[in-house]
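Quick look at work_37.txt (compact mmCIF, C-alpha atoms and all ligand atoms):
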# COMPACT_ATOMS: atom_id res chain seq x y z
CA MET A 1 13.64 -28.97 -67.75
CA ASN A 2 16.90 -30.62 -68.90
CA SER A 3 18.06 -33.96 -67.48
CA GLN A 4 20.78 -32.36 -65.30
CA ALA A 5 18.24 -29.99 -63.76
CA SER A 6 15.85 -32.86 -63.23
CA GLU A 7 18.61 -34.86 -61.51
CA THR A 8 19.46 -31.86 -59.29
CA ASN A 9 15.78 -31.47 -58.58
CA GLN A 10 15.67 -35.09 -57.45
CA GLN A 11 18.70 -34.62 -55.21
CA GLY A 12 17.20 -31.49 -53.62
CA GLY A 13 13.95 -33.37 -53.11
CA HIS A 14 15.74 -36.31 -51.49
CA LEU A 15 17.61 -33.98 -49.11
CA THR A 16 14.49 -32.10 -48.14
CA THR A 17 12.67 -35.37 -47.58
CA LEU A 18 15.57 -36.53 -45.46
CA VAL A 19 15.44 -33.37 -43.34
CA GLU A 20 11.70 -33.85 -42.88
CA ARG A 21 12.11 -37.52 -42.05
CA ALA A 22 14.90 -36.83 -39.59
CA GLU A 23 12.95 -34.04 -37.87
CA PRO A 24 10.86 -36.18 -35.42
CA TYR A 25 14.07 -37.79 -34.14
CA ALA A 26 15.88 -34.45 -33.98
CA ALA A 27 12.88 -33.06 -32.07
CA LEU A 28 13.10 -36.01 -29.67
CA LEU A 29 16.77 -35.22 -29.01
CA ARG A 30 15.95 -31.54 -28.55
CA ARG A 31 13.19 -32.37 -26.08
CA ALA A 32 15.69 -34.47 -24.14
CA HIS A 33 18.11 -31.52 -24.29
CA LEU A 34 20.64 -33.63 -26.16
CA LEU A 35 20.74 -31.48 -29.25
CA ALA A 36 21.19 -27.74 -29.36
CA GLU A 37 18.91 -25.65 -31.59
CA PRO A 38 21.02 -24.07 -34.34
CA GLU A 39 21.69 -20.58 -33.08
CA ALA A 40 19.80 -17.87 -34.98
CA PRO A 41 22.06 -15.18 -36.45
CA THR A 42 21.27 -11.48 -36.66
CA GLU A 43 19.80 -10.29 -39.96
CA LEU A 44 23.12 -8.67 -40.87
CA ARG A 45 25.01 -11.94 -40.30
CA LEU A 46 22.37 -13.84 -42.26
CA GLN A 47 23.07 -11.50 -45.17
CA ALA A 48 26.78 -12.11 -44.65
CA LEU A 49 26.12 -15.86 -44.88
CA TRP A 50 24.13 -15.41 -48.10
CA GLN A 51 27.04 -13.55 -49.65
CA SER A 52 29.66 -15.98 -48.37
CA PRO A 53 30.90 -19.08 -50.20
CA THR A 54 30.32 -20.96 -46.91
CA ARG A 55 26.55 -20.63 -47.41
CA PRO A 56 24.90 -24.09 -46.98
CA LYS A 57 24.99 -26.27 -50.08
CA ASP A 58 22.34 -28.44 -51.77
CA LEU A 59 19.58 -25.95 -51.06
CA ALA A 60 15.96 -26.64 -51.87
CA LEU A 61 12.56 -25.02 -51.40
CA LEU A 62 10.14 -26.69 -49.00
CA ASP A 63 8.57 -28.66 -51.85
CA GLY A 64 11.96 -30.08 -52.80
CA THR A 65 12.66 -27.78 -55.76
CA PRO A 66 16.44 -27.35 -55.83
CA VAL A 67 17.95 -23.88 -55.61
CA GLU A 68 21.44 -23.16 -56.84
CA VAL A 69 23.06 -19.80 -56.13
CA LEU A 70 25.13 -18.93 -59.19
CA ASP A 71 25.65 -15.35 -58.00
CA PRO A 72 24.25 -14.07 -54.67
CA GLY A 73 23.99 -10.52 -56.13
CA HIS A 74 25.41 -7.18 -54.95
CA TRP A 75 24.94 -6.31 -51.32
CA ASN A 76 22.60 -3.31 -51.37
CA ARG A 77 23.50 -0.83 -48.67
CA THR A 78 20.71 1.63 -49.49
CA ALA A 79 16.91 1.28 -49.30
CA GLY A 80 15.32 -1.70 -51.09
CA PRO A 81 16.05 -5.44 -51.23
CA ASP A 82 19.18 -6.74 -49.50
CA PHE A 83 20.80 -8.11 -52.69
CA ARG A 84 20.42 -6.79 -56.23
CA ASP A 85 20.87 -8.64 -59.47
CA ALA A 86 21.38 -12.18 -58.15
CA LEU A 87 21.56 -15.12 -60.55
CA LEU A 88 19.82 -18.27 -59.35
CA SER A 89 18.81 -21.61 -60.73
CA ILE A 90 15.42 -22.54 -59.26
CA GLY A 91 14.23 -25.97 -60.30
CA GLY A 92 16.70 -25.82 -63.16
CA ALA A 93 15.33 -22.51 -64.54
CA LEU A 94 17.68 -19.53 -64.55
CA ARG A 95 16.31 -16.45 -62.75
CA ARG A 96 17.99 -13.05 -62.42
CA GLY A 97 16.69 -10.48 -59.90
CA ASP A 98 16.73 -9.27 -56.30
CA VAL A 99 16.84 -11.27 -53.08
CA GLU A 100 15.41 -10.21 -49.72
CA LEU A 101 16.48 -11.87 -46.47
CA HIS A 102 14.73 -12.08 -43.10
CA LEU A 103 15.01 -14.22 -39.99
CA ARG A 104 11.40 -15.47 -40.29
CA PRO A 105 8.98 -15.75 -43.25
CA ALA A 106 6.42 -13.47 -41.54
CA ASP A 107 8.97 -10.62 -41.38
CA TRP A 108 8.12 -9.91 -45.02
CA ASP A 109 4.53 -9.09 -43.97
CA ALA A 110 5.68 -7.12 -40.94
CA HIS A 111 7.92 -4.91 -43.10
CA GLY A 112 5.14 -4.32 -45.67
CA HIS A 113 7.45 -5.02 -48.65
CA THR A 114 4.67 -5.98 -51.04
CA LYS A 115 3.39 -2.38 -51.00
CA ASP A 116 6.86 -1.01 -51.78
CA PRO A 117 7.68 -0.85 -55.55
CA ALA A 118 11.41 -1.14 -54.69
CA TYR A 119 10.74 -4.83 -53.94
CA ALA A 120 8.96 -5.57 -57.24
CA GLY A 121 12.12 -7.23 -58.64
CA VAL A 122 12.50 -9.76 -55.79
CA ILE A 123 12.80 -13.31 -57.13
CA LEU A 124 13.54 -15.13 -53.86
CA HIS A 125 12.69 -14.59 -50.20
CA VAL A 126 15.43 -16.15 -48.08
CA THR A 127 14.73 -16.75 -44.40
CA TRP A 128 16.69 -18.33 -41.55
CA ALA A 129 13.80 -20.19 -39.89
CA PRO A 130 11.47 -22.41 -41.95
CA GLY A 131 7.71 -21.89 -41.88
CA PRO A 132 4.73 -21.16 -44.11
CA PRO A 133 5.43 -18.40 -46.68
CA ALA A 134 4.56 -14.83 -45.71
CA LYS A 135 0.87 -14.05 -46.31
CA THR A 136 1.57 -11.05 -48.55
CA LEU A 137 4.49 -12.55 -50.47
CA PRO A 138 3.69 -12.50 -54.23
CA PRO A 139 2.86 -16.09 -55.32
CA ALA A 140 5.66 -16.07 -57.91
CA VAL A 141 8.30 -15.45 -55.21
CA PRO A 142 9.37 -18.68 -53.47
CA THR A 143 10.75 -18.88 -49.92
CA LEU A 144 14.01 -20.61 -49.10
CA ALA A 145 14.81 -21.37 -45.42
CA LEU A 146 18.52 -21.79 -44.62
CA ALA A 147 18.45 -23.13 -41.03
CA PRO A 148 17.57 -26.79 -41.88
CA PHE A 149 20.47 -26.90 -44.33
CA ALA A 150 22.82 -25.13 -41.92
CA GLU A 151 21.89 -27.66 -39.22
CA ARG A 152 23.01 -30.51 -41.48
CA GLN A 153 26.26 -28.79 -42.31
CA GLY A 154 27.33 -28.15 -38.69
CA PRO A 155 27.93 -24.97 -36.67
CA ILE A 156 28.48 -21.74 -38.61
CA ASP A 157 30.91 -19.16 -37.25
CA PHE A 158 28.68 -16.17 -38.02
CA ALA A 159 30.98 -13.70 -36.26
CA SER A 160 33.75 -14.41 -38.74
CA LEU A 161 31.64 -13.71 -41.82
CA PRO A 162 32.49 -10.38 -43.42
CA THR A 163 29.78 -7.69 -43.36
CA PRO A 164 29.43 -4.51 -45.49
CA ARG A 165 31.66 -2.63 -43.05
CA ASP A 166 34.41 -5.03 -44.12
CA ASP A 167 33.99 -3.85 -47.67
CA ALA A 168 35.11 -0.36 -46.68
CA ALA A 169 38.26 0.86 -48.32
CA ASP A 170 41.53 -0.46 -46.96
CA PRO A 171 43.62 0.88 -45.35
CA ARG A 172 41.06 2.02 -42.81
CA PRO A 173 41.18 5.65 -41.72
CA CYS A 174 42.23 4.63 -38.20
CA ARG A 175 45.24 2.77 -39.60
CA LEU A 176 46.26 5.69 -41.78
CA ARG A 177 46.16 8.01 -38.79
CA LEU A 178 47.96 5.65 -36.39
CA GLU A 179 50.70 4.79 -38.88
CA GLY A 180 51.65 8.44 -39.05
CA GLU A 181 52.26 8.71 -35.30
CA PRO A 182 54.99 6.52 -33.77
CA GLY A 183 53.82 4.73 -30.63
CA ALA A 184 50.22 5.89 -31.08
CA LEU A 185 48.80 2.40 -31.63
CA ASP A 186 50.37 1.00 -28.48
CA ARG A 187 49.22 3.98 -26.42
CA LEU A 188 45.70 3.54 -27.79
CA LEU A 189 45.60 -0.19 -26.96
CA VAL A 190 46.92 0.32 -23.45
CA SER A 191 44.44 3.11 -22.78
CA ALA A 192 41.47 1.22 -24.25
CA GLY A 193 42.46 -1.90 -22.25
CA ALA A 194 42.71 0.07 -19.01
CA TYR A 195 39.33 1.66 -19.76
CA ARG A 196 37.73 -1.76 -20.27
CA LEU A 197 39.11 -3.11 -17.01
CA LEU A 198 38.00 0.02 -15.16
CA ILE A 199 34.45 -0.43 -16.45
CA LYS A 200 34.52 -4.03 -15.29
CA SER A 201 35.64 -2.89 -11.84
CA ARG A 202 32.63 -0.57 -11.38
CA ALA A 203 30.27 -3.31 -10.14
CA PHE A 204 32.79 -4.20 -7.46
CA ALA A 205 33.35 -0.54 -6.58
CA GLU A 206 29.60 -0.20 -6.00
CA ALA A 207 29.59 -3.35 -3.87
CA LEU A 208 32.46 -1.86 -1.89
CA ARG A 209 30.29 1.15 -1.11
CA ASP A 210 27.49 -1.22 0.00
CA GLY A 211 29.97 -3.00 2.25
CA SER A 212 29.61 -6.37 0.46
CA PRO A 213 32.49 -6.58 -2.03
CA PHE A 214 33.27 -10.25 -1.47
CA GLN A 215 29.64 -11.29 -1.92
CA ALA A 216 29.76 -9.51 -5.32
CA PHE A 217 32.97 -11.38 -6.17
CA TYR A 218 31.44 -14.71 -5.08
CA GLU A 219 28.34 -14.11 -7.21
CA ALA A 220 30.48 -13.22 -10.22
CA LEU A 221 32.70 -16.28 -9.68
CA LEU A 222 29.73 -18.65 -9.64
CA ALA A 223 28.17 -16.87 -12.64
CA ALA A 224 31.46 -17.34 -14.53
CA MET A 225 31.05 -21.09 -14.02
CA GLY A 226 27.80 -21.01 -15.99
CA TYR A 227 29.36 -20.10 -19.32
CA ARG A 228 26.52 -18.63 -21.35
CA ARG A 229 23.63 -20.95 -20.63
CA ASN A 230 23.83 -21.47 -16.89
CA VAL A 231 24.88 -18.01 -15.76
CA ALA A 232 21.41 -17.26 -14.33
CA PRO A 233 21.01 -20.37 -12.14
CA PHE A 234 24.60 -20.05 -10.86
CA ARG A 235 24.06 -16.39 -9.97
CA ARG A 236 20.75 -17.19 -8.32
CA LEU A 237 22.46 -19.87 -6.23
CA ALA A 238 25.08 -17.41 -5.01
CA GLN A 239 22.32 -14.99 -4.04
CA GLU A 240 20.21 -17.66 -2.35
CA ILE A 241 23.16 -19.00 -0.33
CA PRO A 242 25.31 -15.92 0.39
CA PHE A 243 28.95 -16.59 1.09
CA ALA A 244 28.60 -15.34 4.68
CA ARG A 245 26.47 -18.42 5.45
CA LEU A 246 29.14 -20.78 4.13
CA GLN A 247 32.22 -19.01 5.41
CA GLN A 248 32.80 -21.09 8.56
CA LEU A 249 32.11 -24.44 6.88
CA PRO A 250 34.59 -26.92 5.39
CA SER A 251 34.72 -26.99 1.60
CA LEU A 252 33.06 -30.37 1.11
CA ARG A 253 30.10 -29.28 3.19
CA ARG A 254 29.93 -25.98 1.27
CA PHE A 255 29.78 -27.95 -1.94
CA ALA A 256 27.13 -30.39 -0.61
CA ILE A 257 24.90 -27.46 0.42
CA LEU A 258 25.24 -25.59 -2.89
CA ALA A 259 24.74 -28.74 -4.97
CA GLY A 260 21.84 -29.92 -2.78
CA VAL A 261 19.91 -26.65 -2.73
CA SER A 262 20.33 -26.16 -6.48
CA GLY A 263 19.15 -29.66 -7.40
CA LEU A 264 22.52 -30.81 -8.80
CA LEU A 265 22.93 -33.55 -6.18
CA LYS A 266 21.94 -37.08 -7.14
CA GLU A 267 20.47 -39.28 -4.40
CA GLU A 268 23.10 -41.94 -4.91
CA ARG A 269 25.62 -39.53 -3.35
CA ARG A 270 24.36 -40.40 0.16
CA ASP A 271 27.52 -38.99 1.78
CA LEU A 272 26.94 -35.53 0.26
CA TRP A 273 23.21 -35.77 0.71
CA ASP A 274 23.70 -36.35 4.48
CA LEU A 275 26.17 -33.47 4.72
CA TRP A 276 23.61 -31.22 3.10
CA TRP A 277 20.65 -32.30 5.27
CA ASP A 278 22.67 -32.02 8.49
CA SER A 279 23.50 -28.42 7.60
CA GLY A 280 19.88 -27.30 7.79
CA PHE A 281 19.68 -25.65 4.36
CA PRO A 282 16.24 -26.60 2.93
CA PRO A 283 15.86 -27.47 -0.77
CA SER A 284 14.91 -24.54 -2.92
CA LEU A 285 11.15 -24.04 -3.30
CA ARG A 286 11.56 -22.96 -6.92
CA PRO A 287 13.46 -25.51 -9.05
CA TYR A 288 16.70 -24.35 -10.66
CA GLU A 289 16.52 -24.26 -14.43
CA TRP A 290 19.82 -25.81 -15.44
CA ASP A 291 20.40 -26.07 -19.15
CA PHE A 292 22.11 -29.35 -20.00
CA ARG A 293 21.57 -29.12 -23.77
CA ALA A 294 24.58 -30.14 -25.86
CA LEU A 295 26.72 -29.86 -22.73
CA ARG A 296 30.10 -31.54 -22.79
CA PRO A 297 30.51 -33.74 -19.67
CA GLN A 298 33.53 -31.69 -18.51
CA ASN A 299 31.38 -28.53 -18.50
CA HIS A 300 28.63 -30.02 -16.32
CA PRO A 301 27.52 -27.54 -13.61
CA PHE A 302 28.25 -30.19 -10.93
CA ARG A 303 31.94 -30.12 -11.91
CA ARG A 304 32.00 -26.35 -12.36
CA LEU A 305 30.49 -25.85 -8.91
CA ALA A 306 33.12 -28.14 -7.39
CA GLY A 307 35.80 -26.08 -9.18
CA ALA A 308 34.40 -22.83 -7.78
CA VAL A 309 34.35 -24.23 -4.25
CA GLY A 310 38.02 -25.19 -4.68
CA VAL A 311 38.85 -21.63 -5.75
CA LEU A 312 36.92 -20.20 -2.78
CA HIS A 313 38.91 -22.45 -0.44
CA ARG A 314 42.18 -20.84 -1.59
CA ILE A 315 40.82 -17.37 -2.23
CA ASP A 316 43.03 -15.43 0.22
CA ARG A 317 46.22 -16.82 -1.31
CA LEU A 318 44.93 -16.38 -4.87
CA LEU A 319 44.09 -12.73 -4.29
CA ASP A 320 47.68 -12.10 -3.21
CA LEU A 321 49.34 -13.74 -6.22
CA SER A 322 50.93 -11.83 -9.07
CA LEU A 323 48.78 -11.73 -12.23
CA GLY A 324 51.28 -13.80 -14.18
CA ASN A 325 51.01 -16.74 -11.76
CA LEU A 326 47.29 -16.52 -11.16
CA PRO A 327 45.77 -18.53 -14.07
CA GLU A 328 47.80 -21.64 -13.31
CA ALA A 329 47.11 -21.34 -9.59
CA LEU A 330 43.38 -21.08 -10.34
CA VAL A 331 43.40 -24.27 -12.39
CA GLU A 332 45.21 -26.02 -9.58
CA ALA A 333 42.92 -24.66 -6.84
CA SER A 334 39.86 -25.85 -8.74
CA THR A 335 40.92 -29.48 -8.29
CA LEU A 336 40.60 -29.41 -4.48
CA LEU A 337 37.45 -31.58 -4.41
CA CYS A 338 38.38 -33.91 -7.27
CA GLU A 339 39.42 -36.70 -4.95
CA PRO A 340 36.50 -36.68 -2.48
CA LEU A 341 34.02 -36.31 -5.34
CA ALA A 342 35.81 -38.83 -7.59
CA LEU A 343 36.04 -36.30 -10.43
CA LYS A 344 38.80 -36.50 -13.02
CA GLY A 345 40.73 -33.74 -14.79
CA ALA A 346 40.88 -30.00 -14.14
CA LEU A 347 37.52 -28.52 -13.18
CA ILE A 348 38.45 -25.12 -14.63
CA GLY A 349 40.40 -25.19 -17.91
CA ALA A 350 43.34 -22.90 -18.66
CA ASN A 351 41.29 -20.74 -21.01
CA ARG A 352 38.50 -20.21 -18.53
CA ALA A 353 41.07 -19.45 -15.84
CA HIS A 354 42.54 -16.66 -17.98
CA ALA A 355 39.07 -15.23 -18.55
CA ILE A 356 38.30 -15.38 -14.81
CA VAL A 357 41.52 -13.53 -14.02
CA THR A 358 40.74 -10.78 -16.53
CA ASN A 359 37.04 -10.41 -15.85
CA LEU A 360 36.96 -11.06 -12.14
CA PHE A 361 40.22 -10.97 -10.23
CA VAL A 362 41.62 -7.87 -11.92
CA PRO A 363 38.42 -5.75 -11.67
CA TYR A 364 37.90 -6.87 -8.06
CA ARG A 365 41.44 -6.01 -7.05
CA LEU A 366 41.25 -2.72 -8.93
CA ALA A 367 38.14 -1.84 -6.93
CA LEU A 368 39.86 -2.82 -3.68
CA GLY A 369 42.90 -0.78 -4.68
CA SER A 370 45.21 -3.79 -4.33
CA LEU A 371 46.41 -3.64 -7.93
CA THR A 372 48.43 -0.86 -9.50
CA ALA A 373 47.94 0.34 -13.06
CA ALA A 374 51.56 -0.64 -13.81
CA SER A 375 50.92 -4.25 -12.79
CA LEU A 376 48.30 -4.56 -15.55
CA ASP A 377 51.17 -4.87 -18.02
CA ALA A 378 51.71 -8.36 -16.59
CA LEU A 379 48.12 -9.43 -17.24
CA PRO A 380 48.37 -12.72 -19.16
CA GLY A 381 46.64 -12.89 -22.55
CA GLU A 382 43.73 -15.14 -23.43
CA ASP A 383 43.28 -17.23 -26.57
CA VAL A 384 42.98 -14.77 -29.45
CA SER A 385 39.32 -14.33 -30.40
CA GLN A 386 37.74 -13.28 -33.69
CA PRO A 387 36.95 -9.68 -32.56
CA MET A 388 40.58 -9.28 -31.44
CA ARG A 389 41.83 -10.51 -34.82
CA GLU A 390 39.39 -8.32 -36.70
CA ALA A 391 40.27 -5.15 -34.77
CA TRP A 392 44.03 -5.82 -35.07
CA HIS A 393 43.75 -6.37 -38.82
CA ARG A 394 41.84 -3.14 -39.26
CA LEU A 395 44.25 -1.12 -37.16
CA THR A 396 47.44 -2.54 -38.68
CA GLY A 397 46.57 -4.24 -41.98
CA THR A 398 48.17 -7.50 -40.85
CA LEU A 399 47.41 -10.51 -38.69
CA ARG A 400 51.04 -10.85 -37.63
CA ASP A 401 52.34 -9.82 -34.20
CA LEU A 402 48.96 -9.80 -32.49
CA PRO A 403 49.39 -8.62 -28.88
CA LYS A 404 49.96 -11.52 -26.51
CA GLY A 405 49.47 -9.54 -23.29
CA GLY A 406 46.03 -9.28 -21.69
CA LEU A 407 45.95 -5.48 -21.36
CA ARG A 408 46.40 -4.79 -25.07
CA GLN A 409 44.05 -7.66 -25.97
CA GLN A 410 41.41 -6.02 -23.79
CA GLY A 411 42.10 -2.81 -25.68
CA LEU A 412 41.42 -4.53 -28.99
CA LEU A 413 38.13 -5.90 -27.68
CA GLN A 414 37.07 -2.47 -26.44
CA ILE A 415 37.91 -0.77 -29.74
CA HIS A 416 36.07 -3.47 -31.66
CA ALA A 417 32.95 -3.11 -29.49
CA ASP A 418 32.95 0.71 -29.37
CA PHE A 419 33.82 1.45 -33.00
CA CYS A 420 34.13 -1.44 -35.46
CA ALA A 421 31.00 -3.33 -34.33
CA ASN A 422 29.01 -0.22 -33.48
CA PRO A 423 26.01 -0.12 -35.87
CA ALA A 424 25.71 3.65 -35.36
CA LEU A 425 29.19 4.29 -36.82
CA SER A 426 30.98 3.78 -40.08
CA CYS A 427 34.70 4.08 -40.80
CA GLN A 428 33.96 7.51 -42.26
CA THR A 429 32.31 8.74 -39.07
CA CYS A 430 34.52 6.82 -36.62
CA PRO A 431 36.16 9.09 -34.03
CA LEU A 432 39.32 6.99 -34.28
CA ALA A 433 39.80 8.20 -37.82
CA ASP A 434 40.73 11.68 -36.73
CA ALA A 435 41.15 11.54 -32.96
S1 LIG B 1 35.25 1.60 -37.37
FE1 LIG B 1 36.91 2.98 -36.71
S2 LIG B 1 38.34 1.64 -35.61
FE2 LIG B 1 37.00 0.29 -36.81
S3 LIG B 1 38.09 -0.01 -38.75
FE3 LIG B 1 36.72 1.75 -39.09
S4 LIG B 1 37.98 3.56 -38.59
FE4 LIG B 1 39.02 1.78 -37.74
Is it possible to give me this structure as structure tokens?
Amino acid sequence: MNSQASETNQQGGHLTTLVERAEPYAALLRRAHLLAEPEAPTELRLQALWQSPTRPKDLALLDGTPVEVLDPGHWNRTAGPDFRDALLSIGGALRRGDVELHLRPADWDAHGHTKDPAYAGVILHVTWAPGPPAKTLPPAVPTLALAPFAERQGPIDFASLPTPRDDAADPRPCRLRLEGEPGALDRLLVSAGAYRLLIKSRAFAEALRDGSPFQAFYEALLAAMGYRRNVAPFRRLAQEIPFARLQQLPSLRRFAILAGVSGLLKEERRDLWDLWWDSGFPPSLRPYEWDFRALRPQNHPFRRLAGAVGVLHRIDRLLDLSLGNLPEALVEASTLLCEPLALKGALIGANRAHAIVTNLFVPYRLALGSLTAASLDALPGEDVSQPMREAWHRLTGTLRDLPKGGLRQQGLLQIHADFCANPALSCQTCPLADA
């Protein structure tokens, strides 16, 4: 081994040792819900990360042997290993061959690769999660786990990493077809956006048939306050304390009951505690499983619940407002309890308010029949997301002039979900190519 390789080996060893040494403390933080687990990607996105220059740096095997990726190889889209003909430096020695990727080391065993001659040229097994090597992995093939290195490097935006579909020839067939038909793209976006909103309105239409449309709205409103992690406890709360039982009560008492029953109320808030007890709503028998991991203080469920109660207080007026004025009015309504609860800042941010309008108010009003199709043109847009950007780029070949209105943005999201991100389709078989 030359001196440079030996130095690199030392660095890799130091880093691995550091990860191992830091692990008990990281585990302590995780147990206290102060540190989020790095989110596991799908296998396809893990492959995208391997191919991408943003792959974690300073990689090393579990024993500290440094691994340098000189060429990740060609992405194999047929049977066999995921990448062919990679060039790696492992412990300073150059190796050329195939690379197979899995989420966990044991996936190699589960897929039975050792019995398959197509995998005989594999020189490295790359996994997301660390762990003992697969039982049937040939001894000469080392395992490299990426998650510990990704954790050090910070969050990875997996959704933005290009996948094999992105390698398809440009311009995409959909773009070629749409470019030849004036106005076709806009008609497609409007139609796809209307379709998406109609689908969202179905749950409310069903609730309308059951005679409980507002309860469905109330459940969806509370669930929207949970972001991803606390959707379930918020929804459960709305089901355990139906809106009909709160309807006649003042907002502060509504809040005290919801916070008390769900375990969000601290005993030092004697005033709220008394309001809750006087109302005769017993504490829940089954504790609520709130997830406070890596939660920013402004997203705490206590604040979100207060914001929802503020919105419920003004609901009649909000449901009458034009779509253009609604997001701002929502933000404002959410602050109703800020003063009595001594909370600072908006309890629902502008971005969340836009999402609530699109995903809740519009579908609900569509189901009630209080919104016309023409008024959807005034639906305000949200912050542009990665799927919107991706779909727009594929349809037009540019990232300029992305639609700002909500209806067309919803159309982009629907097209992305139905076609571009549909694993059962390719650009060649996509119905949009020759619709
Ligand atoms: S999957 Fe369909 S909509 Fe998406 S880029 Fe390919 S042809 Fe266009």
Can I get the residues of range 158-258 of chain A within 12 Å of range 359-371 of chain A, each with the closest pair of atoms and their distance in Å to one decimal, using all atoms listed in the file, sorted chain first then ascending number, as a Markdown table?
| residue | atom | partner | partner_atom | distance |
| --- | --- | --- | --- | --- |
| A:Gly193 | CA | A:Asn359 | CA | 11.9 |
| A:Ala194 | CA | A:Pro363 | CA | 10.3 |
| A:Tyr195 | CA | A:Pro363 | CA | 11.0 |
| A:Arg196 | CA | A:Pro363 | CA | 9.5 |
| A:Leu197 | CA | A:Pro363 | CA | 6.0 |
| A:Leu198 | CA | A:Pro363 | CA | 6.8 |
| A:Ile199 | CA | A:Pro363 | CA | 8.2 |
| A:Lys200 | CA | A:Pro363 | CA | 5.6 |
| A:Ser201 | CA | A:Pro363 | CA | 4.0 |
| A:Arg202 | CA | A:Ala367 | CA | 7.2 |
| A:Ala203 | CA | A:Ala367 | CA | 8.6 |
| A:Phe204 | CA | A:Tyr364 | CA | 5.8 |
| A:Ala205 | CA | A:Ala367 | CA | 5.0 |
| A:Glu206 | CA | A:Ala367 | CA | 8.7 |
| A:Ala207 | CA | A:Ala367 | CA | 9.2 |
| A:Leu208 | CA | A:Ala367 | CA | 7.6 |
| A:Arg209 | CA | A:Ala367 | CA | 10.2 |
| A:Gly211 | CA | A:Leu368 | CA | 11.5 |
| A:Ser212 | CA | A:Leu368 | CA | 11.6 |
| A:Pro213 | CA | A:Tyr364 | CA | 8.1 |
| A:Phe214 | CA | A:Tyr364 | CA | 8.7 |
| A:Gln215 | CA | A:Tyr364 | CA | 11.2 |
| A:Ala216 | CA | A:Tyr364 | CA | 9.0 |
| A:Phe217 | CA | A:Tyr364 | CA | 6.9 |
| A:Tyr218 | CA | A:Leu360 | CA | 9.7 |
| A:Glu219 | CA | A:Leu360 | CA | 10.4 |
| A:Ala220 | CA | A:Leu360 | CA | 7.1 |
| A:Leu221 | CA | A:Leu360 | CA | 7.2 |
| A:Leu222 | CA | A:Leu360 | CA | 10.8 |
| A:Ala223 | CA | A:Leu360 | CA | 10.5 |
| A:Ala224 | CA | A:Leu360 | CA | 8.7 |
| A:Met225 | CA | A:Leu360 | CA | 11.8 |
- Task: Residues up to 8 Å from ligand LIG 1 (chain B), counting all atoms listed in the file: could you list those as a PyMOL selection string?
- Result: chain A and resi 165+172-175+391+394-395+415-416+419-422+425-433
- Query: Could you work out how far CA of Leu46 in chain A lies from CA of His113 in chain A, giving the answer in Å with one decimal?
  - Reply: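 CA of Leu46 in chain A lies 18.5 Å from CA of His113 in chain A.
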- Task: For Trp276 in chain A, list every protein, DNA or RNA residue within 9 Å, evaluated using all atoms listed in the file, and leave out those in the same chain fewer than 4 positions away; present the list as a list in words.
- Result: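 Contacts, in chain order: Arg253, Arg254, Phe255, Ala256, Ile257, Leu258, Ala259, Gly260, Val261, Asp271, Leu272, Gly280, Phe281 and Pro282 of chain A.
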If I wrap all listed atoms of range 279-283 of chain A in a box with edges along x, y and z and add 5 Å on each side, what are its centre and edge lengths in Å to one decimal, as AutoDock Vina command-line options?
--center_x 19.7 --center_y -27.0 --center_z 3.5 --size_x 17.6 --size_y 12.8 --size_z 18.6
- Item | Distance query Leu330 in chain A at most 8 Å, all atoms listed in the file, self and fewer than 2 positions along chain excluded, as a PyMOL selection string | chain A and resi 311+318+326-328+332-334+348+353
- Nearest to Ala355 in chain A among A:Tyr227, A:Phe292, A:Trp277, A:Phe234, with distances taken over only C-alpha atoms: which residue is it? A:Tyr227
